[in-house]
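Below is coords.tsv, holding TSV, C-alpha atoms.
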chain	number	residue	atom	x	y	z
A	277	MET	CA	17.45	8.54	-17.14
A	278	LYS	CA	15.93	6.75	-20.10
A	279	SER	CA	13.59	3.89	-19.19
A	280	GLY	CA	14.91	0.59	-20.20
A	281	PRO	CA	14.33	-3.03	-21.74
A	282	ARG	CA	14.50	-2.17	-21.79
A	283	SER	CA	14.86	-2.69	-18.13
A	284	THR	CA	11.93	-4.72	-16.81
A	285	PRO	CA	8.16	-4.30	-17.05
A	286	ALA	CA	7.84	-4.91	-13.31
A	287	VAL	CA	7.71	-1.72	-11.26
A	288	ASP	CA	8.22	-1.71	-7.52
A	289	ARG	CA	4.81	-1.24	-5.90
A	290	GLU	CA	6.17	0.89	-3.06
A	291	VAL	CA	7.70	3.32	-5.55
A	292	ARG	CA	4.40	3.55	-7.38
A	293	LEU	CA	2.55	4.29	-4.17
A	294	VAL	CA	4.90	7.16	-3.42
A	295	GLU	CA	5.09	8.62	-6.92
A	296	LYS	CA	1.46	8.14	-7.88
A	297	LYS	CA	2.47	8.35	-11.53
A	298	CYS	CA	1.82	5.28	-13.66
A	299	LEU	CA	3.95	6.57	-16.56
A	300	GLN	CA	6.87	7.68	-14.41
A	301	GLY	CA	10.06	7.23	-16.47
A	302	LEU	CA	8.40	7.59	-19.88
A	303	ARG	CA	9.83	10.57	-21.73
A	304	VAL	CA	8.11	12.02	-24.79
A	305	LEU	CA	9.46	14.62	-27.21
A	306	GLU	CA	6.39	16.34	-28.62
A	307	LEU	CA	6.52	18.26	-31.91
A	308	SER	CA	2.92	19.26	-32.36
A	309	HIS	CA	0.30	21.93	-32.92
A	310	PHE	CA	-3.47	22.43	-32.91
A	311	ILE	CA	-5.43	19.75	-30.97
A	312	SER	CA	-4.81	16.11	-31.90
A	313	ALA	CA	-1.18	15.41	-31.01
A	314	PRO	CA	-1.06	17.99	-28.18
A	315	TYR	CA	-4.09	16.25	-26.67
A	316	ALA	CA	-2.28	12.91	-26.81
A	317	GLY	CA	0.77	14.48	-25.19
A	318	GLN	CA	-1.40	15.95	-22.45
A	319	MET	CA	-3.05	12.59	-21.76
A	320	LEU	CA	0.39	11.02	-21.28
A	321	ALA	CA	1.62	13.94	-19.17
A	322	ASP	CA	-1.45	13.75	-16.90
A	323	LEU	CA	-0.49	10.15	-16.13
A	324	GLY	CA	3.08	11.00	-15.23
A	325	ALA	CA	5.10	10.98	-18.45
A	326	ASP	CA	7.77	13.65	-18.88
A	327	VAL	CA	6.42	15.35	-22.00
A	328	ILE	CA	8.72	17.96	-23.52
A	329	LYS	CA	6.93	20.18	-26.03
A	330	ILE	CA	9.40	21.50	-28.60
A	331	GLU	CA	8.62	24.67	-30.55
A	332	LEU	CA	10.56	26.94	-32.87
A	333	PRO	CA	12.25	29.87	-31.10
A	334	GLY	CA	11.23	33.40	-31.92
A	335	GLU	CA	8.19	35.62	-31.41
A	336	GLY	CA	5.08	33.95	-32.81
A	337	LYS	CA	6.99	30.89	-34.05
A	338	GLY	CA	5.58	28.30	-31.65
A	339	ASP	CA	2.41	26.22	-31.80
A	340	ILE	CA	-0.01	28.25	-33.91
A	341	ALA	CA	-2.74	27.48	-31.37
A	342	ARG	CA	-1.02	29.92	-29.00
A	343	LYS	CA	-2.52	32.73	-31.10
A	344	TYR	CA	-6.11	31.49	-31.01
A	345	ASP	CA	-8.74	33.55	-29.22
A	346	PRO	CA	-10.03	33.91	-26.63
A	347	MET	CA	-6.93	35.00	-24.71
A	348	TYR	CA	-6.52	35.39	-20.95
A	349	LYS	CA	-3.39	36.83	-19.35
A	350	ASP	CA	-1.48	36.38	-22.62
A	351	MET	CA	-2.46	32.70	-22.81
A	352	SER	CA	-4.81	31.22	-25.39
A	353	LEU	CA	-7.57	29.29	-23.63
A	354	TYR	CA	-7.52	27.00	-26.67
A	355	PHE	CA	-3.81	26.25	-26.19
A	356	ALA	CA	-4.20	25.93	-22.42
A	357	SER	CA	-6.80	23.20	-22.86
A	358	TYR	CA	-4.39	20.73	-24.50
A	359	ASN	CA	-0.93	21.53	-23.13
A	360	ARG	CA	-0.89	21.20	-19.36
A	361	ASN	CA	1.68	19.21	-17.37
A	362	LYS	CA	4.33	19.58	-20.08
A	363	ARG	CA	7.80	21.10	-20.10
A	364	PHE	CA	8.52	23.65	-22.83
A	365	LEU	CA	11.68	23.78	-24.93
A	366	THR	CA	12.41	25.97	-27.94
A	367	LEU	CA	14.69	24.43	-30.55
A	368	ASN	CA	15.37	25.39	-34.16
A	369	LEU	CA	15.11	22.07	-35.98
A	370	LYS	CA	15.81	23.78	-39.29
A	371	THR	CA	19.47	24.14	-38.33
A	372	PRO	CA	22.10	21.35	-38.16
A	373	GLU	CA	22.87	22.36	-34.56
A	374	GLY	CA	19.23	22.09	-33.56
A	375	GLN	CA	18.91	18.71	-35.24
A	376	GLU	CA	21.94	17.39	-33.39
A	377	ILE	CA	20.58	18.57	-30.06
A	378	PHE	CA	17.28	16.88	-30.91
A	379	LYS	CA	19.08	13.60	-31.63
A	380	GLU	CA	20.87	13.87	-28.29
A	381	LEU	CA	17.47	14.25	-26.65
A	382	VAL	CA	16.18	11.23	-28.58
A	383	ARG	CA	18.86	9.11	-26.91
A	384	LYS	CA	17.44	10.20	-23.56
A	385	SER	CA	13.80	9.68	-24.53
A	386	ASP	CA	11.30	6.97	-25.38
A	387	VAL	CA	8.84	8.55	-27.81
A	388	VAL	CA	8.88	11.20	-30.52
A	389	LEU	CA	5.35	12.44	-31.06
A	390	ASN	CA	4.52	14.68	-34.01
A	391	ASN	CA	1.68	15.81	-36.26
A	392	PHE	CA	3.66	17.32	-39.12
A	393	ARG	CA	2.64	16.58	-42.69
A	394	PRO	CA	4.19	13.37	-44.05
A	395	GLY	CA	7.76	13.98	-45.21
A	396	VAL	CA	8.47	17.01	-43.01
A	397	MET	CA	10.40	15.06	-40.37
A	398	GLU	CA	12.45	13.37	-43.10
A	399	LYS	CA	13.36	16.75	-44.64
A	400	MET	CA	14.77	17.76	-41.25
A	401	ASN	CA	16.79	14.51	-41.10
A	402	LEU	CA	14.54	13.43	-38.22
A	403	GLY	CA	12.34	10.76	-39.83
A	404	TYR	CA	11.81	7.37	-38.23
A	405	GLU	CA	14.59	5.59	-40.09
A	406	GLN	CA	16.99	8.43	-39.31
A	407	LEU	CA	16.10	8.42	-35.61
A	408	LYS	CA	16.14	4.64	-35.48
A	409	ALA	CA	19.81	4.82	-36.50
A	410	VAL	CA	20.36	7.09	-33.50
A	411	ASP	CA	18.37	4.86	-31.11
A	412	PRO	CA	16.87	1.52	-32.29
A	413	GLY	CA	14.44	1.61	-29.37
A	414	ILE	CA	12.85	4.94	-30.19
A	415	ILE	CA	9.10	5.01	-30.81
A	416	MET	CA	8.00	7.44	-33.51
A	417	ALA	CA	4.32	8.32	-33.19
A	418	SER	CA	3.05	10.32	-36.17
A	419	LEU	CA	-0.42	11.78	-36.67
A	420	SER	CA	-1.57	13.31	-39.93
A	421	GLY	CA	-4.71	13.84	-41.96
A	422	PHE	CA	-4.50	10.66	-44.02
A	423	GLY	CA	-1.56	8.79	-42.53
A	424	GLN	CA	1.79	7.98	-44.11
A	425	THR	CA	0.39	5.92	-47.02
A	426	GLY	CA	-2.31	6.15	-49.69
A	427	PRO	CA	-3.24	8.51	-52.53
A	428	ASN	CA	-4.30	11.33	-50.16
A	429	VAL	CA	-1.08	11.35	-48.16
A	430	ARG	CA	-0.13	14.89	-49.29
A	431	ARG	CA	-3.60	16.35	-49.01
A	432	GLN	CA	-4.30	19.14	-46.51
A	433	ALA	CA	-6.74	18.19	-43.78
A	434	LEU	CA	-8.53	19.87	-40.90
A	435	ASP	CA	-11.31	18.43	-38.76
A	436	MET	CA	-14.14	19.60	-41.01
A	437	THR	CA	-12.27	18.30	-44.08
A	438	ILE	CA	-12.08	14.88	-42.44
A	439	GLN	CA	-15.67	14.93	-41.23
A	440	ALA	CA	-16.74	15.56	-44.83
A	441	LEU	CA	-14.43	13.03	-46.52
A	442	SER	CA	-15.01	10.23	-44.02
A	443	GLY	CA	-18.77	10.09	-44.62
A	444	PHE	CA	-19.48	11.26	-41.08
A	445	MET	CA	-20.85	14.64	-42.18
A	446	ASP	CA	-23.25	13.05	-44.66
A	447	LEU	CA	-24.79	11.07	-41.78
A	448	THR	CA	-25.10	14.08	-39.46
A	449	GLY	CA	-28.17	16.28	-39.55
A	450	PHE	CA	-31.81	15.82	-40.53
A	451	PRO	CA	-32.97	14.08	-43.75
A	452	ASP	CA	-34.46	17.27	-45.20
A	453	ALA	CA	-31.49	19.48	-44.26
A	454	PRO	CA	-27.90	19.80	-45.50
A	455	PRO	CA	-25.12	17.66	-44.04
A	456	THR	CA	-23.63	19.23	-40.92
A	457	LYS	CA	-20.49	18.79	-38.89
A	458	GLY	CA	-20.66	17.16	-35.51
A	459	GLY	CA	-20.13	19.81	-32.82
A	460	PRO	CA	-16.48	20.10	-31.71
A	461	ALA	CA	-13.38	18.90	-33.58
A	462	ILE	CA	-14.29	15.23	-33.26
A	463	SER	CA	-11.60	13.79	-35.53
A	464	ASP	CA	-8.85	15.58	-33.59
A	465	PHE	CA	-9.94	14.09	-30.28
A	466	PHE	CA	-10.48	10.58	-31.62
A	467	ALA	CA	-7.15	10.60	-33.45
A	468	GLY	CA	-5.44	11.94	-30.33
A	469	LEU	CA	-6.86	9.07	-28.29
A	470	TYR	CA	-5.74	6.50	-30.86
A	471	LEU	CA	-2.30	8.11	-30.88
A	472	THR	CA	-2.16	7.73	-27.09
A	473	ILE	CA	-3.17	4.07	-27.33
A	474	GLY	CA	-0.60	3.47	-30.07
A	475	VAL	CA	2.18	5.03	-28.01
A	476	LEU	CA	1.34	2.95	-24.94
A	477	ALA	CA	1.02	-0.27	-26.95
A	478	ALA	CA	4.39	0.34	-28.62
A	479	TYR	CA	5.93	1.14	-25.24
A	480	VAL	CA	4.66	-2.11	-23.71
A	481	CYS	CA	5.97	-4.02	-26.73
A	482	ARG	CA	9.36	-2.38	-26.34
A	483	GLN	CA	9.46	-3.38	-22.70
A	484	ARG	CA	9.28	-7.00	-23.90
A	485	THR	CA	11.46	-6.84	-26.99
A	486	GLY	CA	13.69	-3.79	-26.63
A	487	GLU	CA	12.60	-2.65	-30.09
A	488	GLY	CA	10.91	0.60	-30.99
A	489	GLN	CA	8.56	1.08	-33.91
A	490	ASN	CA	6.71	3.58	-36.05
A	491	VAL	CA	3.13	4.37	-35.00
A	492	ASP	CA	1.06	5.86	-37.85
A	493	ILE	CA	-2.31	7.47	-36.99
A	494	ALA	CA	-4.63	9.27	-39.44
A	495	LEU	CA	-7.51	11.62	-38.71
A	496	PHE	CA	-9.36	9.99	-41.59
A	497	ASP	CA	-9.00	6.49	-40.12
A	498	ALA	CA	-10.15	7.68	-36.71
A	499	MET	CA	-13.35	9.13	-38.20
A	500	PHE	CA	-13.93	6.14	-40.46
A	501	VAL	CA	-14.13	3.98	-37.33
A	502	LEU	CA	-17.34	5.85	-36.49
A	503	MET	CA	-19.04	4.31	-39.53
A	504	GLU	CA	-19.93	1.44	-37.18
A	505	ASN	CA	-21.32	-1.58	-39.06
A	506	TYR	CA	-22.43	0.47	-42.06
A	507	PRO	CA	-19.78	-0.89	-44.48
A	508	ALA	CA	-20.90	-4.46	-43.76
A	509	ILE	CA	-24.57	-3.55	-44.24
A	510	TYR	CA	-23.73	-1.85	-47.53
A	511	ARG	CA	-21.80	-4.87	-48.79
A	512	MET	CA	-24.55	-7.21	-47.64
A	513	ASN	CA	-27.54	-5.58	-49.35
A	514	GLY	CA	-26.42	-2.30	-50.91
A	515	GLU	CA	-28.30	-0.24	-48.33
A	516	ILE	CA	-26.69	3.14	-47.68
A	517	PRO	CA	-27.31	4.83	-44.31
A	518	LYS	CA	-29.06	8.19	-44.52
A	519	ARG	CA	-29.18	11.17	-42.20
A	520	ALA	CA	-31.66	10.41	-39.46
A	521	GLY	CA	-31.60	13.57	-37.37
A	522	ASN	CA	-31.73	12.52	-33.73
A	523	GLY	CA	-32.85	9.05	-34.70
A	524	ARG	CA	-30.84	6.10	-35.94
A	525	PRO	CA	-30.45	4.97	-39.58
A	526	PHE	CA	-31.55	1.39	-39.01
A	527	SER	CA	-33.51	1.26	-35.75
A	528	ALA	CA	-36.53	2.79	-33.98
A	529	PRO	CA	-37.92	4.27	-31.86
A	530	VAL	CA	-35.21	6.68	-30.82
A	531	GLY	CA	-35.20	10.44	-30.96
A	532	THR	CA	-35.46	13.79	-29.23
A	533	TYR	CA	-38.95	15.02	-28.39
A	534	ARG	CA	-40.28	18.23	-26.90
A	535	ALA	CA	-42.19	18.14	-23.61
A	536	LYS	CA	-45.08	20.46	-22.81
A	537	ASP	CA	-42.78	22.89	-20.94
A	538	GLY	CA	-40.47	23.19	-23.96
A	539	ALA	CA	-37.74	20.92	-22.59
A	540	TRP	CA	-36.14	18.52	-25.04
A	541	VAL	CA	-36.07	14.87	-24.00
A	542	GLN	CA	-33.95	12.17	-25.61
A	543	ILE	CA	-35.55	8.69	-25.60
A	544	SER	CA	-34.08	5.36	-26.73
A	545	GLY	CA	-36.52	2.48	-27.09
A	546	THR	CA	-34.77	0.31	-29.67
A	547	ALA	CA	-34.03	-2.72	-27.46
A	548	GLU	CA	-37.11	-4.97	-27.19
A	549	ALA	CA	-37.33	-4.71	-23.41
A	550	HIS	CA	-37.09	-0.92	-23.53
A	551	PHE	CA	-39.59	-0.70	-26.39
A	552	GLU	CA	-42.16	-2.75	-24.51
A	553	LYS	CA	-41.76	-0.67	-21.34
A	554	LEU	CA	-42.06	2.52	-23.35
A	555	MET	CA	-45.27	1.33	-24.99
A	556	GLU	CA	-46.73	0.50	-21.60
A	557	LEU	CA	-45.73	3.91	-20.24
A	558	ILE	CA	-47.23	5.95	-23.08
A	559	GLY	CA	-50.43	3.91	-23.13
A	560	HIS	CA	-49.98	1.74	-26.22
A	561	PRO	CA	-49.36	-1.81	-24.98
A	562	GLU	CA	-51.26	-3.10	-28.04
A	563	HIS	CA	-48.10	-2.55	-30.11
A	564	ILE	CA	-46.15	-5.16	-28.19
A	565	GLY	CA	-45.66	-8.25	-30.34
A	566	ARG	CA	-47.72	-6.80	-33.18
A	567	SER	CA	-46.74	-7.13	-36.84
A	568	GLY	CA	-44.45	-4.28	-37.86
A	569	MET	CA	-43.48	-3.67	-34.25
A	570	VAL	CA	-41.09	-6.52	-33.49
A	571	GLY	CA	-37.43	-5.73	-34.00
A	572	ALA	CA	-35.77	-2.29	-34.15
A	573	ALA	CA	-35.02	-2.55	-37.87
A	574	VAL	CA	-38.58	-3.57	-38.68
A	575	ARG	CA	-39.97	-0.71	-36.63
A	576	LYS	CA	-37.67	1.68	-38.46
A	577	LYS	CA	-39.02	0.64	-41.87
A	578	GLU	CA	-42.66	0.07	-41.05
A	579	SER	CA	-43.73	1.96	-37.93
A	580	GLU	CA	-41.34	4.81	-37.09
A	581	GLY	CA	-43.71	7.60	-38.10
A	582	LEU	CA	-46.59	6.22	-36.04
A	583	LEU	CA	-44.40	5.59	-33.00
A	584	ASN	CA	-42.89	9.08	-33.10
A	585	THR	CA	-46.38	10.59	-33.28
A	586	GLU	CA	-47.56	8.59	-30.26
A	587	ILE	CA	-44.43	9.31	-28.21
A	588	GLN	CA	-44.79	13.02	-28.96
A	589	ALA	CA	-48.46	12.92	-27.97
A	590	TRP	CA	-47.44	11.58	-24.56
A	591	LEU	CA	-44.68	14.23	-24.18
A	592	ASP	CA	-47.29	16.91	-24.89
A	593	THR	CA	-48.94	15.98	-21.57
A	594	VAL	CA	-45.89	16.07	-19.26
A	595	THR	CA	-42.98	18.32	-18.44
A	596	GLY	CA	-39.44	17.28	-19.21
A	597	GLU	CA	-38.71	16.47	-15.58
A	598	GLU	CA	-41.93	14.45	-15.28
A	599	ALA	CA	-41.07	12.48	-18.43
A	600	VAL	CA	-37.58	11.70	-17.17
A	601	ALA	CA	-38.86	10.60	-13.75
A	602	ALA	CA	-41.46	8.32	-15.34
A	603	MET	CA	-39.00	6.71	-17.75
A	604	ASP	CA	-36.45	6.24	-14.97
A	605	ARG	CA	-39.07	4.30	-13.01
A	606	TYR	CA	-39.64	2.07	-16.04
A	607	GLY	CA	-35.93	1.64	-16.75
A	608	ILE	CA	-36.09	3.29	-20.18
A	609	PRO	CA	-32.90	5.04	-21.41
A	610	ASN	CA	-33.57	8.78	-21.53
A	611	ALA	CA	-32.10	12.17	-20.79
A	612	LEU	CA	-32.95	15.84	-20.77
A	613	VAL	CA	-31.01	17.74	-23.41
A	614	ARG	CA	-28.95	20.18	-21.36
A	615	THR	CA	-27.12	23.37	-22.18
A	616	ALA	CA	-23.37	23.68	-21.74
A	617	GLU	CA	-23.99	25.92	-18.71
A	618	GLN	CA	-26.11	23.24	-17.06
A	619	VAL	CA	-23.41	20.62	-17.64
A	620	PHE	CA	-20.63	22.85	-16.28
A	621	ASN	CA	-22.59	23.15	-13.02
A	622	ASP	CA	-23.55	19.46	-12.79
A	623	PRO	CA	-22.48	17.82	-9.49
A	624	GLN	CA	-21.52	14.74	-11.53
A	625	VAL	CA	-18.86	16.78	-13.34
A	626	ALA	CA	-17.46	17.89	-9.98
A	627	ALA	CA	-17.60	14.38	-8.52
A	628	ARG	CA	-15.65	12.99	-11.47
A	629	GLU	CA	-13.10	15.85	-11.37
A	630	MET	CA	-13.80	16.74	-14.99
A	631	LEU	CA	-13.18	20.46	-14.47
A	632	VAL	CA	-9.76	20.98	-12.91
A	633	ARG	CA	-7.37	23.74	-11.94
A	634	PRO	CA	-3.66	22.85	-12.10
A	635	GLU	CA	-1.63	23.61	-9.00
A	636	GLU	CA	0.56	26.08	-10.92
A	637	ASN	CA	-2.02	27.83	-13.06
A	638	VAL	CA	-1.30	30.87	-15.24
A	639	LEU	CA	-5.08	31.06	-15.72
A	640	ASP	CA	-5.66	31.82	-12.02
A	641	ASP	CA	-8.96	30.16	-11.11
A	642	LEU	CA	-10.15	29.35	-14.64
A	643	PRO	CA	-10.76	25.60	-15.05
A	644	VAL	CA	-9.86	23.27	-17.90
A	645	ILE	CA	-11.37	19.89	-18.76
A	646	GLY	CA	-9.91	17.01	-16.75
A	647	ASN	CA	-8.63	13.60	-17.78
A	648	PRO	CA	-11.40	10.98	-18.15
A	649	ILE	CA	-9.07	8.11	-17.18
A	650	LYS	CA	-9.69	7.39	-13.50
A	651	MET	CA	-7.16	5.10	-11.82
A	652	SER	CA	-7.23	3.95	-8.20
A	653	LEU	CA	-3.48	3.76	-7.55
A	654	THR	CA	-2.00	6.28	-9.97
A	655	PRO	CA	-4.62	8.93	-10.74
A	656	ALA	CA	-4.07	11.73	-13.21
A	657	GLN	CA	-2.32	14.72	-11.69
A	658	TYR	CA	-2.75	18.35	-12.59
A	659	ARG	CA	0.55	19.90	-11.63
A	660	ARG	CA	0.98	22.73	-14.08
A	661	SER	CA	-0.92	24.66	-16.71
A	662	ALA	CA	0.40	25.41	-20.18
A	663	CYS	CA	3.37	27.79	-20.12
A	664	ALA	CA	5.26	30.20	-22.36
A	665	PRO	CA	7.40	28.84	-25.22
A	666	GLY	CA	10.84	27.72	-24.07
A	667	LYS	CA	10.12	28.26	-20.38
A	668	ASP	CA	12.09	25.14	-19.46
A	669	SER	CA	14.76	25.19	-22.17
A	670	GLY	CA	17.67	25.82	-19.84
A	671	GLU	CA	16.51	23.28	-17.27
A	672	ILE	CA	16.00	20.55	-19.90
A	673	LEU	CA	19.35	21.07	-21.61
A	674	ARG	CA	21.23	21.14	-18.31
A	675	GLU	CA	19.37	18.17	-16.84
A	676	LEU	CA	19.34	15.84	-19.84
A	677	LEU	CA	22.34	16.91	-21.91
A	678	GLY	CA	24.65	18.35	-19.28
A	679	ARG	CA	24.88	21.78	-20.91
A	680	THR	CA	26.36	24.51	-18.76
A	681	PRO	CA	24.49	27.78	-18.18
A	682	GLU	CA	27.07	29.47	-20.41
A	683	ALA	CA	26.49	26.95	-23.21
A	684	VAL	CA	22.72	27.43	-22.93
A	685	GLU	CA	23.12	31.19	-23.16
A	686	GLU	CA	25.28	30.80	-26.26
A	687	LEU	CA	22.59	28.68	-27.90
A	688	ARG	CA	20.09	31.45	-27.19
A	689	LYS	CA	22.36	34.03	-28.75
A	690	GLN	CA	22.62	31.90	-31.89
A	691	HIS	CA	18.81	31.47	-31.97
A	692	ILE	CA	19.18	27.69	-31.74
A	693	ILE	CA	16.89	27.68	-28.70
Show me this structure written as structure tokens.
Amino acid sequence: MKSGPRSTPAVDREVRLVEKKCLQGLRVLELSHFISAPYAGQMLADLGADVIKIELPGEGKGDIARKYDPMYKDMSLYFASYNRNKRFLTLNLKTPEGQEIFKELVRKSDVVLNNFRPGVMEKMNLGYEQLKAVDPGIIMASLSGFGQTGPNVRRQALDMTIQALSGFMDLTGFPDAPPTKGGPAISDFFAGLYLTIGVLAAYVCRQRTGEGQNVDIALFDAMFVLMENYPAIYRMNGEIPKRAGNGRPFSAPVGTYRAKDGAWVQISGTAEAHFEKLMELIGHPEHIGRSGMVGAAVRKKESEGLLNTEIQAWLDTVTGEEAVAAMDRYGIPNALVRTAEQVFNDPQVAAREMLVRPEENVLDDLPVIGNPIKMSLTPAQYRRSACAPGKDSGEILRELLGRTPEAVEELRKQHII
């Protein structure tokens, strides 16, 4: 049953205690591929939403991420990482019959989530205005490279494209080295999070007003947010941030230094209190309050080289563990730079349930990364791993649209599902 003005925002506490799903009643139709939108759908599904992932029927026609290596038991580990807790329906949206079935599902749902290129949904007669005519309360949540407006709206975009165009890549790396991308597909994850926030905000608004709306998220916008206060600084004095390696463009001292045992140690001494404690620890209290040493920006311009030399000289005398223990005693922000293997085996990861195994898991005992949202009353649940395309097609069509088993079989024969 579709959630309502649409009923009331108040939810019976006893029901919540039993269900343990904060998004119980929210139904999402997900038309997505790769990482960004599937990740948003997974976030919502973890918290109890009924997320129905819709893919084209036919061998190899579903989410292209299903084909990405490495594979395990005929399942892409890439695909499995962003598609748990969903139900899977195949539906040919290129046919009039498939489009009509989709519109029937829209009437039973709250959100349509997609990351097609701008204009694709409209070509299938499934754009926001077209779906709004079917259900004025529907929420259309669209994610694309550059959003639905602007001169780049038709331009192709992948994560590295966006990292380059947003300015992020130019700020990543060392001053004397080429620009470099930042590790994983950062723009996909950030955009997926903003898509999740947009969906939830629109849903809350609809609970008050009964009206749906169009949520427009761009990978480019999500990465541009990471430019921090740099646009204001540029407009203020024309200063352009430069690559600073493991330091910061406008503050010091901060960086990654090598201890005598070869361990890498990250140290942040930009705040005045931390800087003063660091100077005491490494044996240079004379710098405290001295000209050229007061204020992180001043230190960056006038004293960074000297400070880095002195910090490194201290690290040359201690092991990584000794450095960390000493800085912890002084209350200085620091960390050992760890390998992925070390992090996977960290008790903190286990305590926070950040590696999980769904109850129904096609990956056997292989873990996937958990949901970082921790809630006391309605925690994330890990009921089911990603599944084969169309695994739940019959169930969904019978449950939501009242199709008989014979009607479902006929749709299969016609390659509609």
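Contact shell of Gln375 (chain A) at 12 Å (all atoms listed in the file; same-chain neighbours under 2 positions omitted): Ile330, Leu332, Leu367, Asn368, Leu369, Lys370, Thr371, Pro372, Glu373, Ile377, Phe378, Lys379, Glu380, Leu381, Val382, Met397, Glu398, Lys399, Met400, Asn401, Leu402, Gly403, Gln406, Leu407, Val410, Ile692 and Ile693 of chain A.
Across the structure, CA of Phe465 (chain A) and CA of Ile311 (chain A) are spaced 7.3 Å apart.
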* To do: Choose the residue, out of A:Gln424, A:Glu504, A:Arg393, A:Glu629, that has the smallest atom-to-atom separation from Pro655 (chain A); count only C-alpha atoms.
  =>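 Smallest distance to Pro655 (chain A) is found for A:Glu629.
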* Skipping near chain neighbours, those fewer than 4 positions away, what residues fall within 9 Å of Lys343 (chain A) using all atoms listed in the file, listed as an MDAnalysis selection string? -> chainID A and resid 336 339 347 351:352 354:355
* **Long-range neighbours of region 640-651 of chain A as a list of chain:residue names, 7 Å cut-off, all atoms listed in the file, 6 positions minimum in chain** => A:Met319, A:Ser357, A:Glu629, A:Met630, A:Leu631, A:Val632, A:Arg633
* Using only C-alpha atoms, determine which residues lie at most 7 Å from region 564-574 of chain A, disregarding the query and same-chain residues fewer than 2 positions distant; provide the list as a PyMOL selection string. => chain A and resi 526-528+546-548+552+561-562+576-579
* Structure fact -> With distances taken over only C-alpha atoms, the candidate from A:Pro394, A:Met445, A:Thr456, A:Gly334 nearest Val429 (chain A) is A:Pro394
* Asked: Between A:Leu557, A:Met436, A:Leu447, A:Ala313, which has the minimum distance to Pro517 (chain A) (counting only C-alpha atoms)?
  ->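 Smallest separation from Pro517 (chain A) among the options: A:Leu447.
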* Go through A:Gln483, A:Thr472, A:Thr680, A:Ser544 and flag the residue nearest Asn610 (chain A), using all atoms listed in the file for the distances. =>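 Looking at the shortest contact to Asn610 (chain A), the residue is A:Ser544.
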* Which one is closest to Leu434 (chain A): A:Ala494, A:Met555, A:Ile473, A:Ala599? Count only C-alpha atoms. ->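 Answer, going by the shortest atom-to-atom distance: A:Ala494.
Once Leu441 (chain A) and its same-chain neighbours fewer than 3 positions away are set aside, Gly421, Phe422, Asn428, Arg431, Gln432, Ala433, Leu434, Asp435, Met436, Thr437, Ile438, Phe444, Met445, Asp446, Leu447, Pro455, Lys457, Ser463, Leu495, Phe496, Asp497, Ala498, Met499 and Phe500 of chain A remain within 12 Å of it when counting all atoms listed in the file.
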* Interatomic distance between CA of Tyr344 (chain A) and CA of Ala321 (chain A)? ->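 Those two atoms sit 22.5 Å apart.
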